[in-house]
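Data from structure_6.cif: mmCIF, C-alpha atoms (C1' of nucleotides)
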```
data_my_file
#
loop_
_atom_site.label_atom_id
_atom_site.label_comp_id
_atom_site.auth_asym_id
_atom_site.auth_seq_id
_atom_site.Cartn_x
_atom_site.Cartn_y
_atom_site.Cartn_z
CA MET V 1 66.32 111.59 72.91
CA PRO V 2 66.59 109.05 75.72
CA CYS V 3 69.99 110.07 77.02
CA ARG V 4 73.14 111.77 75.87
CA LYS V 5 74.66 108.50 74.75
CA GLY V 6 71.50 106.69 73.73
CA CYS V 7 71.92 104.03 76.34
CA GLY V 8 69.47 104.91 79.07
CA PRO V 9 70.18 106.84 82.27
CA GLN V 10 73.47 105.71 83.72
CA TRP V 11 73.30 103.59 86.85
CA TRP V 12 76.02 105.60 88.57
CA HIS V 13 74.72 109.12 87.90
CA GLY V 14 72.63 109.16 91.03
CA LYS V 15 75.46 108.41 93.40
CA VAL V 16 77.75 110.94 91.76
CA LYS V 17 75.17 113.71 91.73
CA ASP V 18 74.01 112.99 95.25
CA CYS V 19 77.49 113.67 96.45
CA GLY V 20 77.58 117.03 94.72
CA TYR V 21 79.70 116.01 91.79
CA ARG V 22 78.88 116.85 88.19
CA ILE V 23 78.44 114.50 85.29
CA THR V 24 80.99 115.30 82.61
CA ALA V 25 82.06 113.73 79.35
CA GLY V 26 85.43 112.78 80.84
CA ARG V 27 83.83 111.01 83.75
CA GLU V 28 81.48 109.13 81.46
CA ALA V 29 84.41 108.05 79.34
CA ILE V 30 86.39 106.81 82.33
CA ILE V 31 83.56 104.78 83.80
CA GLU V 32 82.77 103.44 80.35
CA ALA V 33 86.36 102.26 79.99
CA LEU V 34 86.24 100.51 83.35
CA SER V 35 82.84 98.99 82.56
CA SER V 36 83.90 97.50 79.27
CA THR V 37 86.68 95.25 80.50
CA HIS V 38 87.61 92.79 83.19
CA ASP V 39 91.23 93.87 83.03
CA HIS V 40 92.89 95.62 85.92
CA LEU V 41 93.52 99.03 84.40
CA SER V 42 96.08 101.56 85.55
CA ALA V 43 95.40 105.28 85.14
CA GLU V 44 97.59 105.27 82.05
CA ASP V 45 95.71 102.26 80.68
CA VAL V 46 92.46 104.15 81.03
CA TYR V 47 94.03 107.11 79.26
CA ALA V 48 95.15 104.90 76.38
CA ARG V 49 91.72 103.35 75.96
CA ILE V 50 89.94 106.65 76.02
CA HIS V 51 92.29 108.84 74.08
CA ASP V 52 91.13 108.06 70.54
CA LYS V 53 87.52 108.80 71.28
CA TYR V 54 88.12 111.57 73.83
CA PRO V 55 91.43 113.21 72.91
CA ASN V 56 90.67 116.11 75.18
CA VAL V 57 90.64 114.11 78.43
CA GLY V 58 93.98 114.44 80.16
CA LEU V 59 95.80 112.12 82.53
CA THR V 60 95.29 114.56 85.37
CA THR V 61 91.54 114.28 85.03
CA ILE V 62 91.80 110.53 85.00
CA TYR V 63 93.71 110.46 88.26
CA ARG V 64 91.30 112.95 89.78
CA THR V 65 88.23 111.06 88.64
CA LEU V 66 89.50 107.66 89.72
CA ASP V 67 90.27 109.10 93.11
CA MET V 68 86.79 110.52 93.37
CA LEU V 69 85.25 107.21 92.34
CA VAL V 70 87.30 105.38 94.94
CA ASN V 71 86.03 107.78 97.58
CA LEU V 72 82.47 107.25 96.43
CA GLY V 73 82.99 103.52 96.66
CA LEU V 74 82.27 102.98 92.98
CA VAL V 75 85.80 101.89 92.23
CA PHE V 76 88.33 99.79 94.09
CA LYS V 77 92.04 100.61 93.91
CA PHE V 78 94.51 97.74 93.96
CA ASP V 79 98.22 97.38 94.35
CA PHE V 80 99.62 94.27 92.71
CA GLY V 81 103.20 95.23 93.39
CA ASP V 82 104.27 96.53 90.01
CA GLY V 83 104.51 100.15 91.03
CA LYS V 84 101.29 101.46 89.61
CA ALA V 85 97.78 101.45 91.03
CA ARG V 86 95.07 99.42 89.30
CA TYR V 87 91.38 100.21 89.29
CA GLU V 88 88.22 98.13 89.01
CA LEU V 89 84.55 98.97 89.30
CA THR V 90 83.14 97.65 92.56
CA GLU V 91 79.78 97.20 90.92
CA GLY V 92 78.54 97.37 87.36
CA PRO V 93 75.25 98.15 85.65
CA LYS V 94 74.18 94.60 86.43
CA GLY V 95 75.47 94.62 89.98
CA ALA V 96 78.70 93.42 91.47
CA HIS V 97 80.51 90.31 90.40
CA HIS V 98 82.59 90.05 93.51
CA HIS V 99 85.95 88.38 93.15
CA HIS V 100 89.36 88.10 94.71
CA HIS V 101 92.82 87.90 93.18
CA LEU V 102 95.63 85.46 92.71
CA VAL V 103 98.87 87.35 92.07
CA CYS V 104 101.94 85.68 90.56
CA THR V 105 104.99 87.19 92.19
CA GLY V 106 107.07 86.00 89.26
CA CYS V 107 105.40 87.56 86.25
CA LYS V 108 102.92 89.81 88.08
CA ARG V 109 100.02 88.20 86.23
CA VAL V 110 96.73 88.50 88.11
CA ILE V 111 93.97 85.90 88.02
CA ASP V 112 90.49 86.77 89.21
CA TYR V 113 88.57 84.03 90.91
CA THR V 114 85.00 83.81 92.03
CA ASP V 115 84.84 80.17 93.08
CA PHE V 116 84.99 79.02 96.71
CA ILE V 117 83.51 82.40 97.44
CA ASP V 118 80.41 81.00 99.11
CA ASP V 119 82.24 79.72 102.16
CA GLU V 120 84.37 82.81 102.20
CA VAL V 121 81.40 85.14 102.07
CA GLU V 122 79.88 83.37 105.07
CA LEU V 123 83.09 83.60 107.08
CA LEU V 124 83.79 87.14 106.00
CA ARG V 125 80.38 88.25 107.15
CA ARG V 126 81.03 86.74 110.55
CA THR V 127 84.54 88.11 110.73
CA GLU V 128 83.50 91.59 109.73
CA LYS V 129 80.76 91.55 112.33
CA GLY V 130 83.17 90.43 115.02
CA LEU V 131 85.81 92.93 114.07
CA SER V 132 83.50 95.89 113.85
CA ASP V 133 82.03 95.08 117.25
CA LYS V 134 85.35 94.56 118.93
CA TYR V 135 87.23 97.47 117.43
CA ARG V 136 84.21 99.74 116.95
CA PHE V 137 85.11 100.10 113.34
CA ARG V 138 82.65 100.47 110.48
CA ILE V 139 83.85 98.02 107.84
CA ASP V 140 83.06 98.99 104.26
CA ASN V 141 85.18 96.68 102.24
CA HIS V 142 87.80 94.01 102.22
CA LEU V 143 90.79 92.99 100.17
CA ILE V 144 91.88 89.40 99.76
CA GLN V 145 94.81 88.42 97.61
CA PHE V 146 96.81 85.24 97.35
CA TYR V 147 100.42 85.42 96.29
CA GLY V 148 102.36 82.67 94.67
CA THR V 149 103.79 81.38 91.44
CA CYS V 150 101.82 80.53 88.33
CA THR V 151 102.33 77.40 86.23
CA GLU V 152 104.42 79.16 83.61
CA CYS V 153 106.77 80.64 86.18
CA LEU V 154 106.97 77.32 88.05
CA ALA V 155 108.18 75.68 84.84
CA LYS V 156 111.30 77.83 84.87
CA MET G 1 133.03 85.00 121.68
CA PRO G 2 129.52 83.72 121.14
CA CYS G 3 128.53 85.96 118.27
CA ARG G 4 129.35 89.30 116.79
CA LYS G 5 126.66 91.00 118.82
CA GLY G 6 126.79 88.79 121.90
CA CYS G 7 123.24 87.58 121.42
CA GLY G 8 123.59 84.10 119.98
CA PRO G 9 123.53 83.14 116.34
CA GLN G 10 120.76 85.00 114.55
CA TRP G 11 117.76 82.94 113.50
CA TRP G 12 117.75 84.43 110.01
CA HIS G 13 121.46 84.02 109.15
CA GLY G 14 120.96 80.56 107.74
CA LYS G 15 118.32 81.54 105.23
CA VAL G 16 120.28 84.57 104.08
CA LYS G 17 123.56 82.70 103.70
CA ASP G 18 121.93 79.71 102.03
CA CYS G 19 120.71 82.03 99.31
CA GLY G 20 124.20 83.33 98.70
CA TYR G 21 123.78 86.63 100.49
CA ARG G 22 126.30 88.01 102.94
CA ILE G 23 125.70 89.01 106.52
CA THR G 24 126.52 92.68 106.95
CA ALA G 25 126.14 95.22 109.72
CA GLY G 26 123.52 97.12 107.73
CA ARG G 27 121.41 94.03 107.25
CA GLU G 28 121.63 93.18 110.92
CA ALA G 29 120.55 96.70 111.80
CA ILE G 30 117.57 96.57 109.46
CA ILE G 31 116.30 93.24 110.72
CA GLU G 32 116.88 94.37 114.28
CA ALA G 33 114.74 97.44 113.63
CA LEU G 34 111.93 95.34 112.21
CA SER G 35 112.23 92.83 115.05
CA SER G 36 111.94 95.37 117.79
CA THR G 37 108.55 96.82 116.94
CA HIS G 38 105.04 95.92 115.94
CA ASP G 39 104.73 99.11 113.93
CA HIS G 40 104.37 99.04 110.19
CA LEU G 41 107.62 100.67 109.16
CA SER G 42 108.32 102.36 105.85
CA ALA G 43 111.83 102.34 104.41
CA GLU G 44 112.31 105.86 105.72
CA ASP G 45 111.05 104.81 109.15
CA VAL G 46 113.66 102.08 109.26
CA TYR G 47 116.29 104.62 108.25
CA ALA G 48 115.23 106.96 111.05
CA ARG G 49 115.35 104.22 113.67
CA ILE G 50 118.75 103.00 112.59
CA HIS G 51 120.51 106.21 111.80
CA ASP G 52 121.72 107.15 115.28
CA LYS G 53 123.38 103.82 115.89
CA TYR G 54 124.42 103.14 112.30
CA PRO G 55 124.95 106.53 110.66
CA ASN G 56 126.72 104.89 107.77
CA VAL G 57 123.73 102.90 106.53
CA GLY G 58 122.05 104.73 103.66
CA LEU G 59 118.48 104.72 102.42
CA THR G 60 119.50 102.92 99.25
CA THR G 61 120.79 100.01 101.26
CA ILE G 62 117.59 99.88 103.21
CA TYR G 63 115.48 99.66 100.07
CA ARG G 64 117.80 97.04 98.64
CA THR G 65 117.83 94.97 101.80
CA LEU G 66 114.07 95.12 102.33
CA ASP G 67 113.60 94.02 98.77
CA MET G 68 115.94 91.09 99.30
CA LEU G 69 114.16 90.11 102.50
CA VAL G 70 110.81 90.21 100.74
CA ASN G 71 112.18 87.91 98.07
CA LEU G 72 113.52 85.56 100.70
CA GLY G 73 110.12 85.54 102.34
CA LEU G 74 111.43 86.94 105.61
CA VAL G 75 109.56 90.19 105.23
CA PHE G 76 106.12 91.08 103.95
CA LYS G 77 105.53 94.32 102.06
CA PHE G 78 102.21 96.10 102.54
CA ASP G 79 100.39 98.94 100.88
CA PHE G 80 97.98 100.74 103.15
CA GLY G 81 97.21 103.42 100.61
CA ASP G 82 99.33 106.28 101.88
CA GLY G 83 101.83 106.22 99.05
CA LYS G 84 104.67 104.42 100.75
CA ALA G 85 105.34 100.74 101.24
CA ARG G 86 105.34 99.29 104.74
CA TYR G 87 107.34 96.30 105.90
CA GLU G 88 106.87 93.65 108.57
CA LEU G 89 108.79 90.52 109.46
CA THR G 90 106.84 87.45 108.42
CA GLU G 91 108.37 85.53 111.29
CA GLY G 92 110.45 86.47 114.28
CA PRO G 93 112.99 84.76 116.49
CA LYS G 94 110.04 83.20 118.33
CA GLY G 95 108.11 82.34 115.20
CA ALA G 96 105.35 84.11 113.37
CA HIS G 97 102.51 85.87 115.09
CA HIS G 98 100.25 85.88 112.09
CA HIS G 99 97.80 88.72 111.82
CA HIS G 100 95.67 90.68 109.41
CA HIS G 101 94.92 94.37 109.18
CA LEU G 102 92.07 96.78 109.67
CA VAL G 103 92.74 99.98 107.74
CA CYS G 104 90.88 103.22 108.46
CA THR G 105 90.37 105.00 105.18
CA GLY G 106 89.85 108.23 107.06
CA CYS G 107 93.03 108.62 109.13
CA LYS G 108 95.02 105.75 107.60
CA ARG G 109 95.48 104.20 111.02
CA VAL G 110 96.14 100.46 110.87
CA ILE G 111 95.00 98.00 113.51
CA ASP G 112 96.47 94.51 113.66
CA TYR G 113 94.15 91.77 114.71
CA THR G 114 94.75 88.15 115.53
CA ASP G 115 91.32 87.17 116.80
CA PHE G 116 88.80 85.20 114.75
CA ILE G 117 91.84 83.83 113.01
CA ASP G 118 91.12 80.20 113.86
CA ASP G 119 88.12 79.92 111.56
CA GLU G 120 89.92 81.95 108.97
CA VAL G 121 92.98 79.74 109.02
CA GLU G 122 90.80 76.71 108.45
CA LEU G 123 88.96 78.28 105.53
CA LEU G 124 92.13 79.76 104.09
CA ARG G 125 93.80 76.40 104.07
CA ARG G 126 90.87 74.94 102.16
CA THR G 127 90.65 77.89 99.80
CA GLU G 128 94.36 77.85 99.06
CA LYS G 129 94.19 74.15 98.35
CA GLY G 130 91.27 74.58 95.99
CA LEU G 131 92.81 77.52 94.22
CA SER G 132 96.20 75.96 93.73
CA ASP G 133 94.63 72.82 92.33
CA LYS G 134 92.30 74.61 89.99
CA TYR G 135 94.68 77.25 88.72
CA ARG G 136 97.85 75.20 89.09
CA PHE G 137 99.34 77.94 91.15
CA ARG G 138 101.74 77.49 94.05
CA ILE G 139 100.40 79.72 96.79
CA ASP G 140 102.98 81.08 99.20
CA ASN G 141 101.15 83.77 101.02
CA HIS G 142 97.99 85.75 101.40
CA LEU G 143 96.94 89.27 102.19
CA ILE G 144 93.73 90.11 104.00
CA GLN G 145 92.77 93.65 104.85
CA PHE G 146 89.50 95.19 105.94
CA TYR G 147 88.81 98.79 105.07
CA GLY G 148 86.50 101.07 106.95
CA THR G 149 86.26 103.91 109.39
CA CYS G 150 87.57 103.91 112.96
CA THR G 151 85.68 105.22 115.98
CA GLU G 152 87.50 108.55 116.02
CA CYS G 153 86.80 109.21 112.37
CA LEU G 154 83.18 108.09 112.76
CA ALA G 155 82.74 110.70 115.47
CA LYS G 156 83.41 113.49 112.98
"C1'" DC Y 1 147.03 85.35 108.23
"C1'" DT Y 2 147.19 87.40 103.50
"C1'" DT Y 3 145.50 87.96 99.21
"C1'" DA Y 4 141.99 87.43 95.61
"C1'" DT Y 5 137.34 87.47 94.31
"C1'" DT Y 6 132.91 89.19 94.33
"C1'" DT Y 7 129.24 91.25 96.73
"C1'" DC Y 8 127.76 95.32 99.13
"C1'" DT Y 9 127.93 100.00 99.95
"C1'" DG Y 10 126.34 105.09 99.97
"C1'" DG Y 11 125.50 109.33 97.58
"C1'" DA Y 12 124.10 111.59 93.64
"C1'" DA Y 13 121.38 111.48 89.79
"C1'" DA Y 14 117.58 109.34 87.25
"C1'" DT Y 15 113.07 107.57 87.10
"C1'" DG Y 16 108.28 107.35 86.99
"C1'" DA Y 17 103.78 107.53 89.06
"C1'" DT Y 18 100.96 110.79 91.05
"C1'" DT Y 19 99.77 115.79 92.59
"C1'" DT Y 20 99.67 120.55 92.50
"C1'" DC Y 21 98.96 125.02 90.19
"C1'" DC Y 22 96.31 128.10 87.75
"C1'" DA Y 23 94.04 130.30 84.10
"C1'" DT Y 24 90.26 128.59 81.19
"C1'" DT Y 25 86.02 125.91 80.22
"C1'" DA Y 26 81.71 123.98 81.05
"C1'" DA Y 27 77.91 121.89 84.25
"C1'" DA Y 28 73.98 123.03 86.88
"C1'" DC Y 29 70.35 125.53 88.35
"C1'" DA Y 30 67.75 129.86 89.00
"C1'" DT X 1 70.18 132.72 79.18
"C1'" DG X 2 73.15 134.14 82.88
"C1'" DT X 3 75.50 133.29 87.03
"C1'" DT X 4 77.86 130.45 90.08
"C1'" DT X 5 81.04 127.16 91.06
"C1'" DA X 6 83.12 122.84 90.03
"C1'" DA X 7 86.00 120.63 86.51
"C1'" DT X 8 89.56 120.83 83.11
"C1'" DG X 9 94.31 120.02 81.01
"C1'" DG X 10 99.10 120.92 80.48
"C1'" DA X 11 103.24 122.10 82.66
"C1'" DA X 12 105.77 121.94 86.65
"C1'" DA X 13 106.43 120.02 91.17
"C1'" DT X 14 106.63 116.16 94.34
"C1'" DC X 15 108.21 112.23 96.29
"C1'" DA X 16 109.02 107.24 96.84
"C1'" DT X 17 111.91 104.20 94.76
"C1'" DT X 18 115.86 102.74 91.41
"C1'" DT X 19 119.90 103.07 88.95
"C1'" DC X 20 124.88 104.10 88.54
"C1'" DC X 21 129.43 103.63 89.81
"C1'" DA X 22 133.72 103.80 92.17
"C1'" DG X 23 135.25 102.53 96.68
"C1'" DA X 24 134.69 99.39 100.99
"C1'" DA X 25 133.94 95.10 103.05
"C1'" DA X 26 132.83 90.09 103.35
"C1'" DT X 27 134.00 85.55 102.07
"C1'" DA X 28 136.95 82.18 99.72
"C1'" DA X 29 141.42 80.66 98.46
"C1'" DG X 30 146.18 80.04 99.33
#
```
Show me, as structure tokens, the structure contained in the file I just sent.
Amino acid sequence: MPCRKGCGPQWWHGKVKDCGYRITAGREAIIEALSSTHDHLSAEDVYARIHDKYPNVGLTTIYRTLDMLVNLGLVFKFDFGDGKARYELTEGPKGAHHHHHLVCTGCKRVIDYTDFIDDEVELLRRTEKGLSDKYRFRIDNHLIQFYGTCTECLAK
Amino acid sequence: MPCRKGCGPQWWHGKVKDCGYRITAGREAIIEALSSTHDHLSAEDVYARIHDKYPNVGLTTIYRTLDMLVNLGLVFKFDFGDGKARYELTEGPKGAHHHHHLVCTGCKRVIDYTDFIDDEVELLRRTEKGLSDKYRFRIDNHLIQFYGTCTECLAK
DNA sequence: CTTATTTCTGGAAATGATTTCCATTAAACA
DNA sequence: TGTTTAATGGAAATCATTTCCAGAAATAAG
């Protein structure tokens, strides 16, 4: 048998084990849920998507696991201003598809975008270098969001 | 008498009145608190700084007022990951001193920075233009934060 | 200035996301 | 397989933020 779920060794197992954490069914389910969508899931969303298949995974475990994954750098936690945290994988089985967000302050809709990133990446690299030198700060990540009003909300 | 507080007409009165809001002592106190610091104040922080001088301004009013100011665009609301929202004036009596943030994920310390902004401003302008054209989105604002570890936390 | 209208207020109670507790279960590794 | 130790879930606790509502205050009208 190749692997518990018949899908090859999981790309994230190494990082989790290396940090002394165990691989459990709940954790597999949570990462699977995050892997299988581009939506910005809240903890409750993850619970809802998992619950049919894994009725014995509780909300508490989801919060705990997401927190662990954020600390490991496998997941990014976002705040889009609607009162609940949202989570996204920072990298997937096929590697990261880096993107930033456009947040509509009217309807709270979030658009991912990956275009114009080339120039941004170049500038970000320079900026991060400059900042970490000047402030003696090790930069691991960045968050870029644009706020505004989407077409639908503008129409009102 | 020049003005209620003897300090000239307040720069923000116009915007508040134009939107149909009233000028009250509580609101003056809250904006004064935000104006007089570069710290990233939470609602409770504002309460603490105001309470001696204005013991009759309650927390509820502070939340309500900050929310109003965010909607008017006079205040920006931040989430640095410590569970409470932080507020900063977007512009002051002397105009905005635009900056971005460096957040230490270890100790949650936040460093403001204004350097390297020139290149960023240029790229941001272009990016915002491109995004608003492509997604037909009116962009009002942006949020840029870098996450990492500060010198003190690195030392551990 | 006085009164009328409507917003603003604070305090208590409600809310809702997230955490904590703790006895039980299940990975991991010898 | 047995032992060790981390992980679990469900209930209760926490804590920032909102909601309610009757009274106070700001603006508009007279």
Note to self: Need the shell around DT5 of chain Y: protein/DNA/RNA residues with any atom at most 10 Å away, counting only C-alpha atoms (C1' of nucleotides). Skip same-chain ones fewer than 3 positions apart. Format as JSON, numbers by chain?
What the structure shows: {"X": [27, 28, 29]}
Next item on the list: Might you spell out which residues the PyMOL selection byres ((chain Y) within 9 of (chain V)) would select in the displayed file, as number ranges by chain?
Entry: Y: 17-19, 26-28
Next item on the list: Give me the result of the PyMOL selection byres ((chain G) within 6 of (chain V)) on this file, residue by residue, as a VMD selection string.
Entry: chain G and resid 136 to 151
Per residue of chain X within 8 Å of chain V, what are the shortest atom pair and its distance in Å to one decimal, counting only C-alpha atoms (C1' of nucleotides), with rows by chain and residue number, as a tab-separated table?
```
residue	atom	partner	partner_atom	distance
X:DA6	C1'	V:Arg22	CA	7.6
X:DT8	C1'	V:Thr61	CA	7.1
X:DG9	C1'	V:Gly58	CA	5.7
```
Next item on the list: For the file shown, report as a PyMOL selection string the outcome of the PyMOL selection byres ((chain V and resi 29) around 10) at residue level.
Entry: chain V and resi 24-28+30-35+46-47+49-51+53-54+57+62
Margin query: Pairing every C-alpha atom in order, fit chain V onto chain G and give me the RMSD in Å.
Written below: 0.1 Å
Counting only C-alpha atoms (C1' of nucleotides), write as a PDB file with C-alpha atoms, keeping the file's coordinate frame all protein and nucleic acid residues lying at most 8 Å from (98.0, 91.3, 85.0) in the file's frame.
```pdb
ATOM      1  CA  ASP V  39      91.230  93.870  83.030  1.00  0.00           C
ATOM      2  CA  HIS V  40      92.890  95.620  85.920  1.00  0.00           C
ATOM      3  CA  LYS V 108     102.920  89.810  88.080  1.00  0.00           C
ATOM      4  CA  ARG V 109     100.020  88.200  86.230  1.00  0.00           C
ATOM      5  CA  VAL V 110      96.730  88.500  88.110  1.00  0.00           C
ATOM      6  CA  ILE V 111      93.970  85.900  88.020  1.00  0.00           C
TER       7      ILE V 111
END
```
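Atom C1' of DT15 of chain Y sits 27.0 Å away from atom CA of Val70 of chain V.
For the pair atom C1' of DC15 of chain X and atom C1' of DC8 of chain Y, the interatomic distance is 26.0 Å.
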Item checked: Point-to-point distance in Å for atom CA of Ser36 of chain G and atom CA of Trp11 of chain G ->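 Atom-to-atom, atom CA of Trp11 of chain G and atom CA of Ser36 of chain G are spaced 14.4 Å apart.
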Axis-aligned box for all listed atoms of segment 1-19 of chain X, 6 Å per side, centre and edges in Å to one decimal, as lines of an AutoDock Vina configuration file:
```
center_x = 95.0
center_y = 118.4
center_z = 88.0
size_x = 61.7
size_y = 43.4
size_z = 29.7
```
